[in-house]
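Engineer: Supplied structure: upload-v6.cif, mmCIF, C-alpha atoms, pLDDT in the B column; chains and numbers go by the auth columns.
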```cif
data_structure
#
loop_
_atom_site.group_PDB
_atom_site.id
_atom_site.type_symbol
_atom_site.label_atom_id
_atom_site.label_comp_id
_atom_site.label_asym_id
_atom_site.label_seq_id
_atom_site.Cartn_x
_atom_site.Cartn_y
_atom_site.Cartn_z
_atom_site.B_iso_or_equiv
_atom_site.auth_seq_id
_atom_site.auth_asym_id
ATOM 1 C CA MET A 1 -12.267 -11.760 -32.574 57.00 116 A
ATOM 2 C CA ARG A 2 -13.997 -14.619 -30.783 62.00 117 A
ATOM 3 C CA LYS A 3 -10.765 -15.551 -28.962 63.00 118 A
ATOM 4 C CA LEU A 4 -10.339 -11.914 -27.863 59.00 119 A
ATOM 5 C CA LEU A 5 -13.891 -11.825 -26.477 59.00 120 A
ATOM 6 C CA GLN A 6 -13.319 -15.109 -24.641 61.00 121 A
ATOM 7 C CA SER A 7 -10.096 -13.795 -23.101 63.00 122 A
ATOM 8 C CA TRP A 8 -11.870 -10.602 -22.015 60.00 123 A
ATOM 9 C CA LEU A 9 -14.694 -12.631 -20.495 60.00 124 A
ATOM 10 C CA VAL A 10 -12.242 -14.821 -18.578 61.00 125 A
ATOM 11 C CA SER A 11 -10.278 -11.744 -17.496 63.00 126 A
ATOM 12 C CA PHE A 12 -13.363 -9.938 -16.235 60.00 127 A
ATOM 13 C CA THR A 13 -14.526 -13.053 -14.396 65.00 128 A
ATOM 14 C CA LEU A 14 -11.128 -13.262 -12.701 60.00 129 A
ATOM 15 C CA LEU A 15 -11.254 -9.541 -11.898 59.00 130 A
ATOM 16 C CA ALA A 16 -14.686 -9.949 -10.311 59.00 131 A
ATOM 17 C CA PHE A 17 -13.407 -12.882 -8.251 59.00 132 A
ATOM 18 C CA VAL A 18 -10.303 -10.971 -7.114 58.00 133 A
ATOM 19 C CA TRP A 19 -12.391 -7.878 -6.330 58.00 134 A
ATOM 20 C CA GLN A 20 -14.892 -9.888 -4.300 60.00 135 A
ATOM 21 C CA SER A 21 -12.076 -11.689 -2.473 59.00 136 A
ATOM 22 C CA SER A 22 -10.393 -8.368 -1.719 56.00 137 A
ATOM 23 C CA LEU A 23 -13.620 -6.921 -0.338 53.00 138 A
ATOM 24 C CA ALA A 24 -14.139 -9.980 1.850 53.00 139 A
ATOM 25 C CA TRP A 25 -10.541 -9.747 3.084 52.00 140 A
ATOM 26 C CA ALA A 26 -10.925 -6.027 3.821 50.00 141 A
ATOM 27 C CA GLU A 27 -14.120 -6.698 5.797 50.00 142 A
ATOM 28 C CA THR A 28 -12.549 -9.386 7.941 51.00 143 A
ATOM 29 C CA GLY A 29 -9.541 -7.219 8.749 49.00 144 A
ATOM 30 C CA ALA A 30 -6.657 -8.266 10.953 41.00 145 A
ATOM 31 C CA ARG A 31 -8.870 -10.003 13.527 41.00 146 A
ATOM 32 C CA GLY A 32 -10.122 -12.553 11.007 43.00 147 A
ATOM 33 C CA ARG A 33 -13.811 -11.893 11.534 39.00 148 A
ATOM 34 C CA VAL A 34 -16.415 -9.568 10.145 36.00 149 A
ATOM 35 C CA SER A 35 -17.159 -6.742 12.572 40.00 150 A
ATOM 36 C CA SER A 36 -20.620 -5.286 12.508 40.00 151 A
ATOM 37 C CA VAL A 37 -21.176 -1.662 13.425 36.00 152 A
ATOM 38 C CA LEU A 38 -22.556 -2.761 16.781 36.00 153 A
ATOM 39 C CA ASP A 39 -19.476 -4.876 17.568 44.00 154 A
ATOM 40 C CA GLU A 40 -17.200 -1.983 16.609 42.00 155 A
ATOM 41 C CA ALA A 41 -19.088 0.403 18.908 38.00 156 A
ATOM 42 C CA GLN A 42 -18.927 -2.043 21.807 44.00 157 A
ATOM 43 C CA GLU A 43 -15.186 -2.620 21.361 47.00 158 A
ATOM 44 C CA THR A 44 -14.228 1.046 21.340 46.00 159 A
ATOM 45 C CA ARG A 45 -16.737 2.326 23.894 50.00 160 A
ATOM 46 C CA ALA A 46 -15.208 3.315 27.204 54.00 161 A
ATOM 47 C CA ALA A 47 -16.749 1.908 30.365 68.00 162 A
ATOM 48 C CA GLU A 48 -16.375 2.068 34.132 72.00 163 A
ATOM 49 C CA PHE A 49 -14.784 -0.663 36.221 74.00 164 A
ATOM 50 C CA VAL A 50 -14.283 -1.059 39.983 78.00 165 A
ATOM 51 C CA MET A 51 -11.498 -3.051 41.641 74.00 166 A
ATOM 52 C CA ARG A 52 -11.462 -3.365 45.406 75.00 167 A
ATOM 53 C CA ARG A 53 -9.315 -5.449 47.742 76.00 168 A
ATOM 54 C CA TYR A 54 -11.609 -5.138 50.749 76.00 169 A
ATOM 55 C CA PRO A 55 -14.998 -3.492 51.500 82.00 170 A
ATOM 56 C CA GLY A 56 -14.866 0.194 52.389 80.00 171 A
ATOM 57 C CA GLU A 57 -11.478 0.747 50.768 83.00 172 A
ATOM 58 C CA LYS A 58 -10.950 4.259 49.408 87.00 173 A
ATOM 59 C CA LEU A 59 -10.930 4.195 45.605 89.00 174 A
ATOM 60 C CA MET A 60 -9.594 6.704 43.086 91.00 175 A
ATOM 61 C CA PRO A 61 -10.645 7.165 39.449 92.00 176 A
ATOM 62 C CA VAL A 62 -7.991 6.478 36.791 92.00 177 A
ATOM 63 C CA ARG A 63 -8.683 6.679 33.065 93.00 178 A
ATOM 64 C CA ILE A 64 -6.955 4.100 30.874 93.00 179 A
ATOM 65 C CA LEU A 65 -7.394 4.851 27.179 92.00 180 A
ATOM 66 C CA GLY A 66 -6.029 3.857 23.793 90.00 181 A
ATOM 67 C CA GLY A 67 -4.433 0.513 22.993 89.00 182 A
ATOM 68 C CA VAL A 68 -5.808 -1.625 25.825 91.00 183 A
ATOM 69 C CA GLN A 69 -8.380 -4.407 25.668 92.00 184 A
ATOM 70 C CA ARG A 70 -10.981 -2.590 27.808 91.00 185 A
ATOM 71 C CA PRO A 71 -10.471 1.194 27.843 91.00 186 A
ATOM 72 C CA GLY A 72 -12.405 3.187 30.385 90.00 187 A
ATOM 73 C CA THR A 73 -12.497 4.719 33.823 91.00 188 A
ATOM 74 C CA TYR A 74 -11.252 2.431 36.582 91.00 189 A
ATOM 75 C CA TYR A 75 -11.886 2.965 40.289 91.00 190 A
ATOM 76 C CA LEU A 76 -8.747 1.541 41.850 90.00 191 A
ATOM 77 C CA PRO A 77 -7.337 1.429 45.373 89.00 192 A
ATOM 78 C CA GLU A 78 -4.919 4.225 46.222 87.00 193 A
ATOM 79 C CA GLY A 79 -1.335 3.340 45.365 86.00 194 A
ATOM 80 C CA THR A 80 -2.183 1.039 42.450 89.00 195 A
ATOM 81 C CA ASP A 81 0.802 0.850 40.109 89.00 196 A
ATOM 82 C CA LEU A 82 1.074 1.082 36.327 90.00 197 A
ATOM 83 C CA LEU A 83 1.437 -2.659 35.691 90.00 198 A
ATOM 84 C CA THR A 84 -1.604 -3.514 37.807 90.00 199 A
ATOM 85 C CA ALA A 85 -3.714 -0.866 36.074 91.00 200 A
ATOM 86 C CA ILE A 86 -2.746 -2.128 32.600 91.00 201 A
ATOM 87 C CA ALA A 87 -3.444 -5.728 33.673 90.00 202 A
ATOM 88 C CA LEU A 88 -6.876 -4.766 35.015 89.00 203 A
ATOM 89 C CA SER A 89 -7.721 -3.161 31.682 90.00 204 A
ATOM 90 C CA GLY A 90 -7.234 -6.545 30.015 91.00 205 A
ATOM 91 C CA GLY A 91 -3.665 -5.951 28.916 90.00 206 A
ATOM 92 C CA LEU A 92 -2.401 -4.335 25.780 90.00 207 A
ATOM 93 C CA ALA A 93 -4.290 -4.582 22.514 90.00 208 A
ATOM 94 C CA PRO A 94 -2.485 -6.215 19.561 88.00 209 A
ATOM 95 C CA ASN A 95 -1.830 -2.815 17.965 87.00 210 A
ATOM 96 C CA ALA A 96 -0.593 -1.144 21.171 89.00 211 A
ATOM 97 C CA ASP A 97 2.815 0.483 21.438 88.00 212 A
ATOM 98 C CA SER A 98 4.198 -0.648 24.796 86.00 213 A
ATOM 99 C CA GLU A 99 7.033 1.906 24.570 88.00 214 A
ATOM 100 C CA GLU A 100 4.660 4.882 24.370 86.00 215 A
ATOM 101 C CA ILE A 101 2.389 5.066 27.415 90.00 216 A
ATOM 102 C CA ARG A 102 1.624 8.682 28.218 90.00 217 A
ATOM 103 C CA TRP A 103 0.871 9.376 31.859 90.00 218 A
ATOM 104 C CA ASN A 104 -0.913 12.585 32.790 90.00 219 A
ATOM 105 C CA GLN A 105 -0.568 13.135 36.538 88.00 220 A
ATOM 106 C CA TRP A 106 -3.539 15.175 37.627 86.00 221 A
ATOM 107 C CA SER A 107 -2.165 16.157 41.052 83.00 222 A
ATOM 108 C CA THR A 108 1.067 17.716 39.715 85.00 223 A
ATOM 109 C CA GLN A 109 -0.066 18.512 36.138 85.00 224 A
ATOM 110 C CA LYS A 110 2.979 16.651 34.774 86.00 225 A
ATOM 111 C CA TYR A 111 3.144 14.579 31.620 86.00 226 A
ATOM 112 C CA SER A 112 5.455 11.593 31.378 85.00 227 A
ATOM 113 C CA THR A 113 6.114 8.892 28.830 86.00 228 A
ATOM 114 C CA LEU A 114 6.490 5.413 30.246 86.00 229 A
ATOM 115 C CA ALA A 115 7.661 2.136 28.741 85.00 230 A
ATOM 116 C CA LEU A 116 5.951 -1.032 29.889 84.00 231 A
ATOM 117 C CA GLU A 117 9.088 -3.147 29.447 87.00 232 A
ATOM 118 C CA ASP A 118 11.076 -0.821 31.733 86.00 233 A
ATOM 119 C CA ALA A 119 8.350 -1.109 34.365 85.00 234 A
ATOM 120 C CA MET A 120 8.551 -4.899 34.221 86.00 235 A
ATOM 121 C CA ILE A 121 12.366 -5.002 34.359 87.00 236 A
ATOM 122 C CA SER A 122 12.745 -2.629 37.304 83.00 237 A
ATOM 123 C CA PRO A 123 9.344 -2.358 39.009 78.00 238 A
ATOM 124 C CA LYS A 124 10.549 -0.378 42.034 77.00 239 A
ATOM 125 C CA GLU A 125 11.994 2.487 39.960 75.00 240 A
ATOM 126 C CA ARG A 126 9.906 2.574 36.781 82.00 241 A
ATOM 127 C CA ASN A 127 6.488 1.262 37.844 84.00 242 A
ATOM 128 C CA PRO A 128 4.928 4.380 39.372 87.00 243 A
ATOM 129 C CA ALA A 129 1.969 4.452 41.704 88.00 244 A
ATOM 130 C CA LEU A 130 -0.969 6.191 40.063 90.00 245 A
ATOM 131 C CA GLY A 131 -2.919 8.989 41.695 89.00 246 A
ATOM 132 C CA ALA A 132 -6.534 10.085 41.640 90.00 247 A
ATOM 133 C CA ASN A 133 -7.780 11.343 38.241 91.00 248 A
ATOM 134 C CA ASP A 134 -4.592 10.289 36.443 92.00 249 A
ATOM 135 C CA VAL A 135 -4.879 9.421 32.752 92.00 250 A
ATOM 136 C CA LEU A 136 -2.927 6.650 31.017 91.00 251 A
ATOM 137 C CA MET A 137 -2.947 6.851 27.221 92.00 252 A
ATOM 138 C CA VAL A 138 -1.485 3.799 25.497 91.00 253 A
ATOM 139 C CA GLU A 139 -0.489 4.800 21.991 90.00 254 A
ATOM 140 C CA GLU A 140 -1.546 2.592 19.097 88.00 255 A
ATOM 141 C CA LYS A 141 0.699 1.640 16.182 84.00 256 A
ATOM 142 C CA THR A 142 -0.576 2.535 12.747 78.00 257 A
ATOM 143 C CA PRO A 143 -0.169 -0.090 10.021 72.00 258 A
ATOM 144 C CA LEU A 144 2.137 0.646 7.116 73.00 259 A
ATOM 145 C CA LEU A 145 -0.617 -0.078 4.586 69.00 260 A
ATOM 146 C CA SER A 146 -4.322 0.152 5.346 72.00 261 A
ATOM 147 C CA ASN A 147 -6.900 -2.340 4.073 73.00 262 A
ATOM 148 C CA ASN A 148 -8.205 0.245 1.597 78.00 263 A
ATOM 149 C CA THR A 149 -4.732 0.738 0.123 79.00 264 A
ATOM 150 C CA LEU A 150 -4.273 -3.011 -0.303 77.00 265 A
ATOM 151 C CA LEU A 151 -7.707 -3.259 -1.917 80.00 266 A
ATOM 152 C CA LEU A 152 -6.828 -0.498 -4.379 82.00 267 A
ATOM 153 C CA LEU A 153 -3.462 -2.107 -5.215 82.00 268 A
ATOM 154 C CA THR A 154 -5.175 -5.451 -5.819 82.00 269 A
ATOM 155 C CA ALA A 155 -7.736 -3.886 -8.142 81.00 270 A
ATOM 156 C CA LEU A 156 -5.076 -1.953 -10.078 83.00 271 A
ATOM 157 C CA SER A 157 -2.870 -5.015 -10.489 83.00 272 A
ATOM 158 C CA SER A 158 -5.881 -6.995 -11.743 83.00 273 A
ATOM 159 C CA ILE A 159 -6.712 -4.328 -14.322 84.00 274 A
ATOM 160 C CA VAL A 160 -3.091 -4.173 -15.487 83.00 275 A
ATOM 161 C CA GLY A 161 -3.090 -7.977 -15.778 82.00 276 A
ATOM 162 C CA ILE A 162 -6.246 -7.896 -17.884 83.00 277 A
ATOM 163 C CA VAL A 163 -4.844 -5.240 -20.214 81.00 278 A
ATOM 164 C CA VAL A 164 -1.523 -7.057 -20.611 81.00 279 A
ATOM 165 C CA GLY A 165 -3.358 -10.343 -21.243 79.00 280 A
ATOM 166 C CA ALA A 166 -5.614 -8.736 -23.836 78.00 281 A
ATOM 167 C CA VAL A 167 -2.640 -7.180 -25.627 80.00 282 A
ATOM 168 C CA TYR A 168 -0.813 -10.522 -25.598 78.00 283 A
ATOM 169 C CA VAL A 169 -3.849 -12.384 -26.961 78.00 284 A
ATOM 170 C CA SER A 170 -4.461 -9.770 -29.691 77.00 285 A
ATOM 171 C CA ARG A 171 -0.770 -9.943 -30.775 78.00 286 A
ATOM 172 C CA ASP A 172 -0.969 -13.734 -30.833 66.00 287 A
ATOM 173 C CA LYS A 173 -3.731 -13.473 -33.402 59.00 288 A
#
```
Starting from the file, give its structure as structure tokens.
Structural biologist:
Amino acid sequence: MRKLLQSWLVSFTLLAFVWQSSLAWAETGARGRVSSVLDEAQETRAAEFVMRRYPGEKLMPVRILGGVQRPGTYYLPEGTDLLTAIALSGGLAPNADSEEIRWNQWSTQKYSTLALEDAMISPKERNPALGANDVLMVEEKTPLLSNNTLLLLTALSSIVGIVVGAVYVSRDK
């Protein structure tokens, strides 16, 4: 009986360690740092940016949203192209899908899907000039397994390990 209690104590200590490690891993996430609520709000909050080549230049608003480093409304010179707009927004975020950039043209009310790689390969044909009030939405890839799912799988595997260990120890007796 004493050996069974010792094995349970060791198993529960290991479970607590694995659980705590899983929680710490889930908090750090893919970026490798703990994000406070304030940091999260600052990262996802849209902002306004102005880019001008010379004083007095006519600017147009363009919204760049989704999987970019700095989403927000950008006041850009007329004729600014897709690649320049994405570069001004800090480039693509790590979870961005460069093949799915939705472009809503305000002037013609058309929707198009653009691929960033195509725009880089043939800039004259596939790197369109943006218009006033256009919206670029860079789609974000969703991970196959979320942190919560991995946490749950870790906890379940730890519990199964404890039960199997306890059964093994009790049979050994």
Engineer: Step by step, work through what the PyMOL selection byres ((chain A and resi 223-240) around 12) selects in the shown file, and finish by giving those residues as a PyMOL selection string.
Structural biologist: chain A and resi 196-202+206-207+211-222+241-254
Engineer: Go through A:Ala270, A:Ile277, A:Leu259, A:Met175 one by one, measure the shortest atom-to-atom distance of each to A:Thr195 using all atoms listed in the file, and give the residue with the smallest value.
Structural biologist: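 Selected residue with least distance to A:Thr195: A:Met175.
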Engineer: Can you work out the spacing between atom CA of A:Glu255 and atom CA of A:Leu267 in Å, to one decimal?
Structural biologist: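 Interatomic distance, atom CA of A:Glu255 to atom CA of A:Leu267: 24.3 Å.
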Engineer: Interatomic distance between atom CA of A:Asn210 and atom CA of A:Lys256?
Structural biologist: 5.4 Å
Engineer: For the structure shown, which residues end up in the PyMOL selection byres ((chain A and resi 169-174) around 6)? Put them as a ChimeraX atom specification, please?
Structural biologist: /A:167-168,175,190-192
Engineer: Report, in Å with one decimal, the straight-line distance from atom CA of A:Val284 to atom CA of A:Leu271.
Structural biologist: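 Between these atoms lies a distance of 19.9 Å.
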Engineer: Can you sort out stretch 264-275 of chain A so it carries N, CA and C atoms, written as an mmCIF file, keeping the file's coordinate frame?
Structural biologist:
```
data_model
loop_
_atom_site.group_PDB
_atom_site.id
_atom_site.type_symbol
_atom_site.label_atom_id
_atom_site.label_comp_id
_atom_site.auth_asym_id
_atom_site.auth_seq_id
_atom_site.Cartn_x
_atom_site.Cartn_y
_atom_site.Cartn_z
ATOM 1 N N THR A 264 -5.869 0.637 1.035
ATOM 2 C CA THR A 264 -4.732 0.738 0.123
ATOM 3 C C THR A 264 -4.449 -0.605 -0.527
ATOM 4 N N LEU A 265 -4.491 -1.675 0.257
ATOM 5 C CA LEU A 265 -4.273 -3.011 -0.303
ATOM 6 C C LEU A 265 -5.369 -3.383 -1.295
ATOM 7 N N LEU A 266 -6.593 -2.998 -1.007
ATOM 8 C CA LEU A 266 -7.707 -3.259 -1.917
ATOM 9 C C LEU A 266 -7.494 -2.534 -3.241
ATOM 10 N N LEU A 267 -7.082 -1.280 -3.175
ATOM 11 C CA LEU A 267 -6.828 -0.498 -4.379
ATOM 12 C C LEU A 267 -5.678 -1.090 -5.188
ATOM 13 N N LEU A 268 -4.591 -1.488 -4.517
ATOM 14 C CA LEU A 268 -3.462 -2.107 -5.215
ATOM 15 C C LEU A 268 -3.861 -3.420 -5.890
ATOM 16 N N THR A 269 -4.701 -4.198 -5.229
ATOM 17 C CA THR A 269 -5.175 -5.451 -5.819
ATOM 18 C C THR A 269 -6.000 -5.191 -7.066
ATOM 19 N N ALA A 270 -6.902 -4.215 -6.988
ATOM 20 C CA ALA A 270 -7.736 -3.886 -8.142
ATOM 21 C C ALA A 270 -6.886 -3.372 -9.300
ATOM 22 N N LEU A 271 -5.931 -2.489 -9.015
ATOM 23 C CA LEU A 271 -5.076 -1.953 -10.078
ATOM 24 C C LEU A 271 -4.233 -3.045 -10.724
ATOM 25 N N SER A 272 -3.678 -3.936 -9.912
ATOM 26 C CA SER A 272 -2.870 -5.015 -10.489
ATOM 27 C C SER A 272 -3.732 -5.944 -11.331
ATOM 28 N N SER A 273 -4.984 -6.164 -10.945
ATOM 29 C CA SER A 273 -5.881 -6.995 -11.743
ATOM 30 C C SER A 273 -6.187 -6.336 -13.082
ATOM 31 N N ILE A 274 -6.429 -5.049 -13.078
ATOM 32 C CA ILE A 274 -6.712 -4.328 -14.322
ATOM 33 C C ILE A 274 -5.496 -4.347 -15.238
ATOM 34 N N VAL A 275 -4.320 -4.115 -14.684
ATOM 35 C CA VAL A 275 -3.091 -4.173 -15.487
ATOM 36 C C VAL A 275 -2.910 -5.576 -16.062
#
```
